[in-house]
>>> print(open('model.pdb').read())   # PDB, C-alpha atoms and all ligand atoms
ATOM      1  CA  MET A 707       8.944 -20.224  10.799
ATOM      2  CA  ASP A 708       8.047 -22.771  13.480
ATOM      3  CA  ILE A 709       4.863 -23.213  15.519
ATOM      4  CA  ARG A 710       6.228 -21.342  18.539
ATOM      5  CA  GLN A 711       7.249 -18.341  16.402
ATOM      6  CA  LEU A 712       3.873 -18.406  14.676
ATOM      7  CA  ASN A 713       1.995 -18.308  17.963
ATOM      8  CA  GLU A 714       4.215 -15.559  19.360
ATOM      9  CA  MET A 715       3.595 -13.221  16.422
ATOM     10  CA  SER A 716       1.508 -10.146  17.218
ATOM     11  CA  TYR A 717      -2.041 -10.247  15.890
ATOM     12  CA  PRO A 718      -1.357  -7.681  13.083
ATOM     13  CA  ASP A 719       1.779  -9.551  11.978
ATOM     14  CA  PHE A 720      -0.110 -12.863  11.974
ATOM     15  CA  VAL A 721      -2.842 -11.303   9.794
ATOM     16  CA  GLY A 722      -0.095 -10.128   7.428
ATOM     17  CA  TYR A 723       1.749 -13.439   7.488
ATOM     18  CA  ILE A 724      -1.310 -15.473   6.473
ATOM     19  CA  ASN A 725      -2.565 -12.749   4.105
ATOM     20  CA  GLN A 726      -5.953 -12.621   5.800
ATOM     21  CA  TRP A 727      -8.258 -10.274   3.920
ATOM     22  CA  ASN A 728      -9.035  -8.648   7.223
ATOM     23  CA  VAL A 729     -12.175  -6.702   6.457
ATOM     24  CA  LEU A 730     -13.897  -3.717   7.988
ATOM     25  CA  PRO A 731     -17.300  -4.261   9.636
ATOM     26  CA  GLY A 732     -19.785  -4.939   6.834
ATOM     27  CA  SER A 733     -17.118  -5.947   4.290
ATOM     28  CA  TYR A 734     -18.094  -5.204   0.659
ATOM     29  CA  VAL A 735     -21.495  -3.862   1.706
ATOM     30  CA  THR A 736     -19.848  -1.061   3.689
ATOM     31  CA  LEU A 737     -17.495  -0.293   0.787
ATOM     32  CA  SER A 738     -20.484   0.013  -1.558
ATOM     33  CA  LYS A 739     -22.237   2.420   0.815
ATOM     34  CA  TRP A 740     -19.082   4.507   1.288
ATOM     35  CA  ALA A 741     -18.456   4.703  -2.453
ATOM     36  CA  THR A 742     -22.059   5.678  -3.182
ATOM     37  CA  PHE A 743     -22.634   8.208  -0.421
ATOM     38  CA  SER A 744     -19.225   9.871  -0.678
ATOM     39  CA  HIS A 745     -19.481  10.147  -4.485
ATOM     40  CA  MET A 746     -16.222   8.274  -5.003
ATOM     41  CA  ASN A 747     -15.106   7.942  -8.609
ATOM     42  CA  ALA A 748     -12.055   7.633 -10.861
ATOM     43  CA  ASN A 749     -10.957  11.185  -9.957
ATOM     44  CA  SER A 750     -10.922  10.449  -6.228
ATOM     45  CA  ARG A 751      -7.632  10.247  -4.328
ATOM     46  CA  ILE A 752      -7.870   8.067  -1.223
ATOM     47  CA  LEU A 753      -5.635   7.571   1.816
ATOM     48  CA  GLN A 754      -6.217   4.525   3.988
ATOM     49  CA  PHE A 755      -4.965   4.455   7.582
ATOM     50  CA  ALA A 756      -3.928   1.031   9.015
ATOM     51  CA  CYS A 757      -4.636  -0.852   5.802
ATOM     52  CA  THR A 758      -3.434  -4.353   6.875
ATOM     53  CA  THR A 759      -3.405  -6.479   3.699
ATOM     54  CA  GLY A 760      -5.089  -3.748   1.635
ATOM     55  CA  PHE A 761      -8.693  -4.912   1.355
ATOM     56  CA  GLN A 762     -10.475  -1.560   1.653
ATOM     57  CA  SER A 763      -8.243   0.525  -0.598
ATOM     58  CA  ARG A 764      -7.765  -2.188  -3.220
ATOM     59  CA  GLU A 765     -11.430  -3.107  -3.482
ATOM     60  CA  LEU A 766     -12.544   0.548  -3.557
ATOM     61  CA  ALA A 767     -10.140   1.030  -6.467
ATOM     62  CA  VAL A 768     -11.744  -1.949  -8.221
ATOM     63  CA  LEU A 769     -15.272  -0.645  -7.535
ATOM     64  CA  THR A 770     -14.726   3.016  -8.428
ATOM     65  CA  GLY A 771     -11.426   3.431 -10.296
ATOM     66  CA  CYS A 772     -10.069   5.696  -7.535
ATOM     67  CA  SER A 773      -6.332   5.847  -6.824
ATOM     68  CA  GLY A 774      -4.259   6.718  -3.757
ATOM     69  CA  LYS A 775      -2.098   5.540  -0.893
ATOM     70  CA  ALA A 776      -2.420   3.184   2.066
ATOM     71  CA  PHE A 777      -0.140   2.344   4.960
ATOM     72  CA  ASP A 778       0.247   0.099   7.983
ATOM     73  CA  LEU A 779       2.732  -0.384  10.823
ATOM     74  CA  SER A 780       3.217  -4.053   9.929
ATOM     75  CA  SER A 781       5.689  -4.749   7.113
ATOM     76  CA  GLN A 782       4.267  -8.306   6.822
ATOM     77  CA  ALA A 783       0.860  -6.777   6.098
ATOM     78  CA  ILE A 784       2.270  -4.342   3.510
ATOM     79  CA  GLU A 785       4.160  -7.154   1.745
ATOM     80  CA  MET A 786       0.845  -8.971   1.320
ATOM     81  CA  ALA A 787      -1.034  -5.785   0.366
ATOM     82  CA  ASN A 788       1.365  -5.493  -2.581
ATOM     83  CA  TYR A 789       0.935  -9.187  -3.404
ATOM     84  CA  ASN A 790      -2.858  -8.758  -3.419
ATOM     85  CA  LEU A 791      -2.683  -5.678  -5.614
ATOM     86  CA  GLN A 792      -0.641  -7.555  -8.184
ATOM     87  CA  HIS A 793      -2.801 -10.697  -8.114
ATOM     88  CA  TYR A 794      -6.321  -9.388  -7.619
ATOM     89  CA  ALA A 795      -6.350  -5.784  -8.868
ATOM     90  CA  PRO A 796      -3.429  -5.310 -11.276
ATOM     91  CA  ASN A 797      -4.936  -2.138 -12.740
ATOM     92  CA  ALA A 798      -5.507  -0.433  -9.405
ATOM     93  CA  GLN A 799      -3.179   2.447  -8.567
ATOM     94  CA  ILE A 800      -2.628   2.275  -4.836
ATOM     95  CA  ASP A 801       0.812   2.830  -3.237
ATOM     96  CA  TYR A 802       1.275   0.727  -0.105
ATOM     97  CA  PHE A 803       3.912   1.698   2.444
ATOM     98  CA  VAL A 804       4.960   1.019   6.028
ATOM     99  CA  ALA A 805       4.317   3.949   8.386
ATOM    100  CA  ASP A 806       3.168   4.866  11.866
ATOM    101  CA  GLY A 807      -0.080   6.805  11.507
ATOM    102  CA  THR A 808       0.543   8.801  14.677
ATOM    103  CA  LYS A 809       3.643  10.365  13.087
ATOM    104  CA  LEU A 810       2.595  10.448   9.448
ATOM    105  CA  LYS A 811       3.585  13.426   7.327
ATOM    106  CA  LEU A 812       2.614  13.739   3.658
ATOM    107  CA  ASP A 813       2.683  16.672   1.248
ATOM    108  CA  GLU A 814      -0.593  15.641  -0.365
ATOM    109  CA  LYS A 815      -4.242  16.008   0.750
ATOM    110  CA  PHE A 816      -6.920  13.517  -0.270
ATOM    111  CA  SER A 817     -10.557  13.578  -1.318
ATOM    112  CA  HIS A 818     -11.250  10.559   0.938
ATOM    113  CA  VAL A 819      -9.456   9.351   4.055
ATOM    114  CA  ILE A 820     -10.395   5.879   5.218
ATOM    115  CA  ILE A 821     -10.160   4.597   8.763
ATOM    116  CA  GLY A 822     -12.840   1.857   8.960
ATOM    117  CA  ALA A 823     -12.764   0.485  12.487
ATOM    118  CA  GLY A 824      -8.969   0.623  12.461
ATOM    119  CA  TYR A 825      -8.687   3.638  14.814
ATOM    120  CA  GLN A 826      -9.404   1.231  17.646
ATOM    121  CA  PHE A 827      -5.991  -0.380  17.113
ATOM    122  CA  PHE A 828      -4.201   2.913  17.827
ATOM    123  CA  ALA A 829      -3.049   3.574  21.392
ATOM    124  CA  ASN A 830      -5.226   6.717  21.390
ATOM    125  CA  PRO A 831      -8.246   6.198  19.092
ATOM    126  CA  GLN A 832      -9.517   9.775  19.456
ATOM    127  CA  GLU A 833      -6.108  11.168  18.437
ATOM    128  CA  ALA A 834      -6.015   8.789  15.449
ATOM    129  CA  ILE A 835      -9.358  10.166  14.235
ATOM    130  CA  LYS A 836      -8.083  13.741  14.720
ATOM    131  CA  LYS A 837      -4.919  12.887  12.778
ATOM    132  CA  THR A 838      -6.918  11.727   9.742
ATOM    133  CA  VAL A 839      -8.372  15.236   9.368
ATOM    134  CA  GLU A 840      -4.892  16.638   8.571
ATOM    135  CA  PHE A 841      -5.013  14.771   5.275
ATOM    136  CA  ILE A 842      -8.550  15.568   4.057
ATOM    137  CA  GLU A 843      -8.866  18.269   1.409
ATOM    138  CA  ASP A 844     -11.514  20.953   1.878
ATOM    139  CA  GLY A 845     -14.892  19.345   1.135
ATOM    140  CA  GLY A 846     -13.435  15.839   1.338
ATOM    141  CA  TYR A 847     -14.611  12.856   3.393
ATOM    142  CA  LEU A 848     -13.629  10.630   6.284
ATOM    143  CA  LEU A 849     -14.992   7.085   5.919
ATOM    144  CA  ALA A 850     -15.466   5.058   9.096
ATOM    145  CA  SER A 851     -17.291   1.942  10.271
ATOM    146  CA  PRO A 852     -17.101   1.881  14.064
ATOM    147  CA  PHE A 853     -18.223  -0.927  16.325
ATOM    148  CA  TYR A 854     -20.247   0.048  19.387
ATOM    149  CA  ILE A 855     -21.881  -2.096  22.040
ATOM    150  CA  LYS A 856     -25.601  -2.540  22.580
ATOM    151  CA  GLN A 857     -25.233  -4.407  25.893
ATOM    152  CA  PRO A 858     -22.268  -4.807  28.277
ATOM    153  CA  ILE A 859     -19.712  -7.450  27.258
ATOM    154  CA  PRO A 860     -19.018  -9.931  30.105
ATOM    155  CA  TYR A 861     -15.613  -9.438  31.773
ATOM    156  CA  GLU A 862     -14.352 -12.951  30.824
ATOM    157  CA  LEU A 863     -15.073 -12.291  27.137
ATOM    158  CA  ILE A 864     -13.177  -8.984  27.227
ATOM    159  CA  GLU A 865     -10.178 -10.758  28.805
ATOM    160  CA  GLU A 866     -10.348 -13.563  26.227
ATOM    161  CA  PHE A 867     -10.560 -11.020  23.396
ATOM    162  CA  LYS A 868      -7.404  -9.275  24.684
ATOM    163  CA  THR A 869      -5.397 -12.511  24.552
ATOM    164  CA  VAL A 870      -6.496 -13.181  20.952
ATOM    165  CA  PHE A 871      -6.286  -9.648  19.452
ATOM    166  CA  GLY A 872      -3.797  -7.880  21.741
ATOM    167  CA  ILE A 873      -6.242  -4.965  22.231
ATOM    168  CA  SER A 874      -9.470  -4.472  24.159
ATOM    169  CA  PRO A 875     -12.766  -4.552  22.279
ATOM    170  CA  THR A 876     -14.672  -1.295  22.422
ATOM    171  CA  THR A 877     -16.927  -1.091  25.452
ATOM    172  CA  LEU A 878     -18.426   2.221  24.316
ATOM    173  CA  GLY A 879     -22.050   2.619  23.335
ATOM    174  CA  TYR A 880     -23.480   4.390  20.287
ATOM    175  CA  LYS A 881     -23.480   7.966  21.646
ATOM    176  CA  ASP A 882     -19.935   7.685  23.020
ATOM    177  CA  ILE A 883     -18.622   6.418  19.702
ATOM    178  CA  MET A 884     -20.464   9.116  17.742
ATOM    179  CA  SER A 885     -19.011  11.798  19.991
ATOM    180  CA  MET A 886     -15.543  10.816  18.732
ATOM    181  CA  PHE A 887     -16.574  11.979  15.262
ATOM    182  CA  ASN A 888     -18.558  15.058  16.356
ATOM    183  CA  LYS A 889     -16.326  17.665  14.699
ATOM    184  CA  LEU A 890     -17.248  16.490  11.214
ATOM    185  CA  GLU A 891     -20.479  16.742   9.234
ATOM    186  CA  ILE A 892     -22.516  13.534   9.030
ATOM    187  CA  ILE A 893     -23.395  13.131   5.367
ATOM    188  CA  TYR A 894     -24.488   9.492   5.661
ATOM    189  CA  GLU A 895     -25.009   7.243   8.646
ATOM    190  CA  ASP A 896     -26.623   3.894   9.326
ATOM    191  CA  ARG A 897     -26.635   1.341  12.142
ATOM    192  CA  ASN A 898     -26.298  -2.355  11.521
ATOM    193  CA  GLU A 899     -26.794  -5.658  13.280
ATOM    194  CA  LEU A 900     -24.218  -8.434  12.983
ATOM    195  CA  CYS A 901     -25.175 -11.971  12.099
ATOM    196  CA  LEU A 902     -23.262 -14.878  13.652
ATOM    197  CA  GLU A 903     -21.283 -17.097  11.273
ATOM    198  CA  THR A 904     -21.898 -20.864  11.318
ATOM    199  CA  GLU A 905     -19.162 -23.383  11.994
ATOM    200  CA  ASP A 906     -19.252 -24.426   8.317
ATOM    201  CA  GLU A 907     -18.832 -20.806   7.191
ATOM    202  CA  LEU A 908     -15.891 -20.284   9.557
ATOM    203  CA  GLN A 909     -14.237 -23.563   8.531
ATOM    204  CA  TYR A 910     -14.545 -22.826   4.804
ATOM    205  CA  TYR A 911     -13.198 -19.273   5.109
ATOM    206  CA  CYS A 912     -10.259 -20.368   7.309
ATOM    207  CA  ARG A 913      -9.421 -23.333   5.057
ATOM    208  CA  CYS A 914      -9.364 -21.180   1.885
ATOM    209  CA  THR A 915      -7.226 -18.487   3.552
ATOM    210  CA  ILE A 916      -4.690 -20.911   5.077
ATOM    211  CA  ASP A 917      -4.390 -22.996   1.880
ATOM    212  CA  ARG A 918      -3.537 -19.817  -0.040
ATOM    213  CA  ALA A 919      -1.061 -18.654   2.633
ATOM    214  CA  CYS A 920       0.756 -22.008   2.549
ATOM    215  CA  LYS A 921       0.982 -21.811  -1.233
ATOM    216  CA  ILE A 922       2.364 -18.247  -1.125
ATOM    217  CA  ARG A 923       4.915 -19.189   1.540
ATOM    218  CA  ASN A 924       5.713 -22.707   0.270
ATOM    219  CA  ILE A 925       4.656 -24.318   3.532
ATOM    220  CA  THR A 926       4.143 -28.081   3.358
ATOM    221  CA  ASP A 927       4.634 -28.997   7.035
ATOM    222  CA  THR A 928       1.185 -30.239   8.082
ATOM    223  CA  ALA A 929       1.694 -29.405  11.777
ATOM    224  CA  LEU A 930       2.562 -25.772  10.942
ATOM    225  CA  LYS A 931      -0.345 -25.592   8.525
ATOM    226  CA  GLN A 932      -2.698 -26.841  11.241
ATOM    227  CA  ALA A 933      -1.294 -24.299  13.739
ATOM    228  CA  MET A 934      -1.977 -21.492  11.232
ATOM    229  CA  PHE A 935      -5.509 -22.761  10.753
ATOM    230  CA  ASP A 936      -6.091 -23.093  14.506
ATOM    231  CA  ARG A 937      -4.934 -19.532  15.225
ATOM    232  CA  LEU A 938      -7.103 -18.049  12.473
ATOM    233  CA  TYR A 939     -10.082 -20.136  13.583
ATOM    234  CA  LYS A 940      -9.651 -18.907  17.147
ATOM    235  CA  ILE A 941      -9.655 -15.286  15.904
ATOM    236  CA  LYS A 942     -12.844 -15.856  13.916
ATOM    237  CA  GLU A 943     -14.488 -17.724  16.778
ATOM    238  CA  MET A 944     -13.644 -14.880  19.158
ATOM    239  CA  SER A 945     -15.188 -12.305  16.802
ATOM    240  CA  ASN A 946     -18.297 -14.487  16.631
ATOM    241  CA  LYS A 947     -18.583 -14.641  20.423
ATOM    242  CA  LEU A 948     -18.685 -10.829  20.630
ATOM    243  CA  ARG A 949     -21.344 -10.426  17.941
ATOM    244  CA  PRO A 950     -24.380 -10.620  20.255
ATOM    245  CA  TYR A 951     -23.068  -7.579  22.154
ATOM    246  CA  GLN A 952     -22.022  -5.434  19.175
ATOM    247  CA  SER A 953     -23.479  -3.339  16.386
ATOM    248  CA  TYR A 954     -21.638  -1.173  13.877
ATOM    249  CA  GLY A 955     -22.274   2.039  12.026
ATOM    250  CA  VAL A 956     -21.360   3.089   8.509
ATOM    251  CA  LEU A 957     -20.293   6.730   8.424
ATOM    252  CA  VAL A 958     -19.536   9.188   5.645
ATOM    253  CA  LEU A 959     -18.269  12.362   7.324
ATOM    254  CA  ARG A 960     -17.381  15.581   5.568
ATOM    255  CA  TYR A 961     -14.606  18.007   6.443
ATOM    256  CA  ARG A 962     -15.181  21.623   5.448
ATOM    257  CA  GLN A 963     -12.672  24.237   6.491
ATOM    258  CA  SER A 964     -15.443  26.828   6.859
ATOM    259  CA  VAL A 965     -17.306  24.668   9.401
ATOM    260  CA  TYR A 966     -14.699  22.489  11.167
ATOM    261  CA  PRO A 967     -14.682  21.872  14.160
ATOM    262  CA  LYS A 968     -18.143  23.375  14.828
ATOM    263  CA  ARG A 969     -21.574  21.808  14.410
ATOM    264  CA  PHE A 970     -24.304  24.047  13.016
ATOM    265  CA  VAL A 971     -26.867  21.398  12.096
ATOM    266  CA  GLU A 972     -29.200  19.445  14.345
ATOM    267  CA  LEU A 973     -28.579  15.718  14.399
ATOM    268  CA  PHE A 974     -32.069  14.677  13.305
TER     269      PHE A 974
HETATM  270  C1  LIG B   1      -6.291  -5.478  12.176
HETATM  271  S1  LIG B   1      -6.450  -3.907  11.470
HETATM  272  C2  LIG B   1      -8.064  -3.482  11.660
HETATM  273  C3  LIG B   1      -8.638  -2.961  10.424
HETATM  274  C4  LIG B   1     -10.065  -3.274  10.374
HETATM  275  N1  LIG B   1     -10.275  -4.433   9.596
HETATM  276  C5  LIG B   1     -10.894  -2.129   9.894
HETATM  277  O1  LIG B   1     -12.040  -2.130  10.155
HETATM  278  O2  LIG B   1     -10.410  -1.162   9.311
HETATM  279  C6  LIG B   1      -5.566  -2.912  12.481
HETATM  280  C7  LIG B   1      -4.248  -2.529  11.861
HETATM  281  O3  LIG B   1      -3.831  -1.340  12.485
HETATM  282  C8  LIG B   1      -2.442  -1.298  12.352
HETATM  283  N2  LIG B   1      -1.934  -0.254  13.232
HETATM  284  C9  LIG B   1      -2.015  -0.179  14.580
HETATM  285  N3  LIG B   1      -1.433   0.957  15.020
HETATM  286  C10 LIG B   1      -0.980   1.621  13.915
HETATM  287  C11 LIG B   1      -0.288   2.841  13.705
HETATM  288  N4  LIG B   1       0.069   3.635  14.721
HETATM  289  N5  LIG B   1       0.006   3.206  12.430
HETATM  290  C12 LIG B   1      -0.349   2.423  11.394
HETATM  291  N6  LIG B   1      -1.006   1.258  11.525
HETATM  292  C13 LIG B   1      -1.314   0.857  12.772
HETATM  293  C14 LIG B   1      -2.012  -2.704  12.700
HETATM  294  O4  LIG B   1      -0.721  -3.004  12.213
HETATM  295  C15 LIG B   1      -3.121  -3.540  12.032
HETATM  296  O5  LIG B   1      -2.726  -4.010  10.778
END
>>> encode(input="model.pdb", output="structure tokens")
Amino acid sequence: MDIRQLNEMSYPDFVGYINQWNVLPGSYVTLSKWATFSHMNANSRILQFACTTGFQSRELAVLTGCSGKAFDLSSQAIEMANYNLQHYAPNAQIDYFVADGTKLKLDEKFSHVIIGAGYQFFANPQEAIKKTVEFIEDGGYLLASPFYIKQPIPYELIEEFKTVFGISPTTLGYKDIMSMFNKLEIIYEDRNELCLETEDELQYYCRCTIDRACKIRNITDTALKQAMFDRLYKIKEMSNKLRPYQSYGVLVLRYRQSVYPKRFVELF
């Protein structure tokens, strides 16, 4: 690996390469709400779409004792998801594998399917959400944590975001985002504000993550190490710049064969 190759990696491969614990909006707090309001326990079988380095599935297994499967398109990310399972949750029973969610076929159905905010990384987010439903057992749940905007994001910021993440940030407001989930029953929902991270917080997080990555990959070249740090810092800084325009929801949605895809309850 040299600096040019590092900087040419796609965003998901870079996240995998440095083993970033790329979290869903709300991090552990969202996991705790999902686990509580979807009644997740040791009998639950979960399937996580677009799992990157495995944070959501692994940490839900630690919190609740659930087991299941998780996949991502990036083999770098799956390699690190397995590393993390072994090092941070050796008792958790989650099978990580490389797959394209748009073409996924499995014989099994799950009590909980997890998408977080990951549907946004699919070419067709609405189709990705629809696809998750194929894998939910009757009476099971879809767990999501979508971003939505509360005021328009300036054009220059959207363009800058695209160069850092390789996708566009959502420019949809609350009602538009909720309409993407409107075929499922809303069992729990909340709306949350994001708090900006300080420079010290960003520096500490990036330093810890890059030090670990260099240890895992035996990297001692200080210029390469600095390039890894700089790219991660830029990602975190970019996320921070969008915060004033964004909010996110925590959703626990239920799929029932007898109801889907109709809505028979009022929203409020
Ligand atoms: C960076 S993550 C975002 C996850 C986010 N932290 C969340 O809230 O859930 C997006 C992941 O989606 C994966 N991805 C994109 N398209 C995919 C597809 N068709 N099938 C599986 N994974 C996909 C990427 O490889 C990447 O690891």
>>> closest_residue(input="model.pdb", among="A:Glu866, A:Glu833, A:Asp896, A:Asp927", to="Leu948 in chain A", atoms="all atoms listed in the file")
A:Glu866
>>> closest_atom_pairs(input="model.pdb", of="chain A", to="ligand LIG 1 (chain B)", cutoff="10 Å", atoms="all atoms listed in the file", output="tab-separated table")
residue	atom	partner	partner_atom	distance
A:Ser716	CA	B:LIG1	O4	9.0
A:Tyr717	CA	B:LIG1	C1	7.4
A:Pro718	CA	B:LIG1	O5	4.5
A:Asp719	CA	B:LIG1	O4	7.0
A:Phe720	CA	B:LIG1	O5	9.3
A:Val721	CA	B:LIG1	C1	7.2
A:Gly722	CA	B:LIG1	O5	7.5
A:Gln726	CA	B:LIG1	C1	9.6
A:Trp727	CA	B:LIG1	N1	8.4
A:Asn728	CA	B:LIG1	N1	5.0
A:Val729	CA	B:LIG1	N1	4.3
A:Leu730	CA	B:LIG1	O1	3.3
A:Pro731	CA	B:LIG1	O1	5.7
A:Gly732	CA	B:LIG1	O1	8.9
A:Ser733	CA	B:LIG1	O1	8.6
A:Gln754	CA	B:LIG1	O2	8.8
A:Phe755	CA	B:LIG1	C12	6.3
A:Ala756	CA	B:LIG1	N6	3.9
A:Cys757	CA	B:LIG1	O5	6.2
A:Thr758	CA	B:LIG1	O5	4.0
A:Thr759	CA	B:LIG1	O5	7.5
A:Gly760	CA	B:LIG1	O5	9.4
A:Phe761	CA	B:LIG1	N1	8.4
A:Gln762	CA	B:LIG1	O2	7.7
A:Ala776	CA	B:LIG1	C12	9.6
A:Phe777	CA	B:LIG1	C12	6.4
A:Asp778	CA	B:LIG1	N6	3.9
A:Leu779	CA	B:LIG1	N6	4.1
A:Ser780	CA	B:LIG1	O4	4.7
A:Ser781	CA	B:LIG1	O4	8.4
A:Gln782	CA	B:LIG1	O4	9.1
A:Ala783	CA	B:LIG1	O5	6.5
A:Ile784	CA	B:LIG1	O5	8.8
A:Phe803	CA	B:LIG1	C12	9.9
A:Val804	CA	B:LIG1	C12	7.7
A:Ala805	CA	B:LIG1	C12	5.8
A:Asp806	CA	B:LIG1	N5	3.6
A:Gly807	CA	B:LIG1	N5	3.7
A:Thr808	CA	B:LIG1	N4	5.2
A:Lys809	CA	B:LIG1	N4	7.8
A:Leu810	CA	B:LIG1	N5	8.2
A:Ile820	CA	B:LIG1	O2	8.1
A:Ile821	CA	B:LIG1	O2	5.8
A:Gly822	CA	B:LIG1	O2	3.9
A:Ala823	CA	B:LIG1	O1	3.6
A:Gly824	CA	B:LIG1	O2	3.9
A:Tyr825	CA	B:LIG1	O3	7.3
A:Gln826	CA	B:LIG1	C6	7.7
A:Phe827	CA	B:LIG1	C9	4.7
A:Phe828	CA	B:LIG1	N3	4.4
A:Ala829	CA	B:LIG1	N3	7.1
A:Asn830	CA	B:LIG1	N4	9.1
A:Pro831	CA	B:LIG1	N3	9.5
A:Ala834	CA	B:LIG1	N4	8.0
A:Ala850	CA	B:LIG1	O2	8.0
A:Ser851	CA	B:LIG1	O1	6.6
A:Pro852	CA	B:LIG1	O1	7.5
A:Phe853	CA	B:LIG1	O1	8.8
A:Phe871	CA	B:LIG1	C1	8.4
A:Ile873	CA	B:LIG1	C9	10.0
>>> resolve_selection(input="model.pdb", expression="the PyMOL selection byres (((chain A and resi 769-774) around 10) and not hetatm)", output="VMD selection string")
chain A and resid 734 737 to 738 741 to 742 745 to 754 763 to 768 775 to 776 797 to 802 816 to 819
>>> axis_aligned_box(input="model.pdb", around="range 776-788 of chain A", padding_each_side="5 Å", output="AutoDock Vina command-line options")
--center_x 1.6 --center_y -2.9 --center_z 4.1 --size_x 18.1 --size_y 22.2 --size_z 23.4
>>> closest_residue(input="model.pdb", among="A:Asn898, A:Asn790, A:Thr926, A:Asn888", to="Glu972 in chain A", atoms="all atoms listed in the file")
A:Asn888
>>> atom_distance(input="model.pdb", atom1="CA of Glu843 in chain A", atom2="CA of Leu973 in chain A")
23.7 Å
>>> atom_distance(input="model.pdb", atom1="CA of Tyr939 in chain A", atom2="CA of Tyr911 in chain A")
9.1 Å
>>> residues_around(input="model.pdb", residues="Glu895 in chain A", least_positions_apart="2", cutoff="10 Å", atoms="only C-alpha atoms", output="PyMOL selection string")
chain A and resi 739-740+743+850-851+892-893+897+955-959
>>> resolve_selection(input="model.pdb", expression="the PyMOL selection byres (((chain A and resi 919) around 10) and not hetatm)", output="list of chain:residue names")
A:Gly722, A:Tyr723, A:Ile724, A:Asn725, A:Gln726, A:Met786, A:Arg913, A:Cys914, A:Thr915, A:Ile916, A:Asp917, A:Arg918, A:Cys920, A:Lys921, A:Ile922, A:Arg923, A:Asn924, A:Ile925, A:Lys931, A:Met934
>>> resolve_selection(input="model.pdb", expression="the PyMOL selection byres (((chain A and resi 883) around 10) and not hetatm)", output="count of residues only")
18
>>> closest_residue(input="model.pdb", among="A:Lys968, A:His793, A:Arg960, A:Lys942", to="Tyr910 in chain A", atoms="all atoms listed in the file")
A:Lys942
>>> atom_distance(input="model.pdb", atom1="CA of Val839 in chain A", atom2="CA of Tyr961 in chain A")
7.4 Å
>>> residues_near_point(input="model.pdb", point="(-27.6, -11.9, 10.2)", cutoff="12 Å", atoms="all atoms listed in the file", output="MDAnalysis selection string")
chainID A and resid 732 898:904 946 949:950 953
>>> decode(input="model.pdb", residues="range 857-869 of chain A", atoms="N, CA and C atoms", output="PDB file, in the first residue's frame")
ATOM      1  N   GLN A 857     -32.893  21.827   7.169  1.00  0.00           N
ATOM      2  CA  GLN A 857     -32.803  23.024   6.318  1.00  0.00           C
ATOM      3  C   GLN A 857     -31.927  22.652   5.122  1.00  0.00           C
ATOM      4  N   PRO A 858     -32.109  23.332   3.975  1.00  0.00           N
ATOM      5  CA  PRO A 858     -31.353  22.948   2.779  1.00  0.00           C
ATOM      6  C   PRO A 858     -29.843  23.008   2.996  1.00  0.00           C
ATOM      7  N   ILE A 859     -29.134  22.010   2.454  1.00  0.00           N
ATOM      8  CA  ILE A 859     -27.670  21.979   2.555  1.00  0.00           C
ATOM      9  C   ILE A 859     -27.111  22.807   1.388  1.00  0.00           C
ATOM     10  N   PRO A 860     -26.196  23.749   1.655  1.00  0.00           N
ATOM     11  CA  PRO A 860     -25.642  24.551   0.551  1.00  0.00           C
ATOM     12  C   PRO A 860     -24.993  23.658  -0.513  1.00  0.00           C
ATOM     13  N   TYR A 861     -25.117  24.091  -1.774  1.00  0.00           N
ATOM     14  CA  TYR A 861     -24.626  23.329  -2.927  1.00  0.00           C
ATOM     15  C   TYR A 861     -23.144  22.931  -2.759  1.00  0.00           C
ATOM     16  N   GLU A 862     -22.301  23.876  -2.308  1.00  0.00           N
ATOM     17  CA  GLU A 862     -20.853  23.599  -2.201  1.00  0.00           C
ATOM     18  C   GLU A 862     -20.605  22.471  -1.202  1.00  0.00           C
ATOM     19  N   LEU A 863     -21.405  22.415  -0.145  1.00  0.00           N
ATOM     20  CA  LEU A 863     -21.211  21.355   0.863  1.00  0.00           C
ATOM     21  C   LEU A 863     -21.607  20.005   0.290  1.00  0.00           C
ATOM     22  N   ILE A 864     -22.675  19.974  -0.501  1.00  0.00           N
ATOM     23  CA  ILE A 864     -23.108  18.716  -1.133  1.00  0.00           C
ATOM     24  C   ILE A 864     -22.002  18.212  -2.060  1.00  0.00           C
ATOM     25  N   GLU A 865     -21.417  19.129  -2.838  1.00  0.00           N
ATOM     26  CA  GLU A 865     -20.344  18.743  -3.776  1.00  0.00           C
ATOM     27  C   GLU A 865     -19.124  18.240  -3.002  1.00  0.00           C
ATOM     28  N   GLU A 866     -18.798  18.913  -1.906  1.00  0.00           N
ATOM     29  CA  GLU A 866     -17.638  18.501  -1.101  1.00  0.00           C
ATOM     30  C   GLU A 866     -17.886  17.110  -0.493  1.00  0.00           C
ATOM     31  N   PHE A 867     -19.105  16.904  -0.017  1.00  0.00           N
ATOM     32  CA  PHE A 867     -19.482  15.618   0.578  1.00  0.00           C
ATOM     33  C   PHE A 867     -19.279  14.489  -0.443  1.00  0.00           C
ATOM     34  N   LYS A 868     -19.709  14.749  -1.694  1.00  0.00           N
ATOM     35  CA  LYS A 868     -19.602  13.717  -2.745  1.00  0.00           C
ATOM     36  C   LYS A 868     -18.145  13.313  -2.959  1.00  0.00           C
ATOM     37  N   THR A 869     -17.229  14.278  -2.910  1.00  0.00           N
ATOM     38  CA  THR A 869     -15.820  13.930  -3.158  1.00  0.00           C
ATOM     39  C   THR A 869     -15.254  13.112  -1.990  1.00  0.00           C
TER      40      THR A 869
END
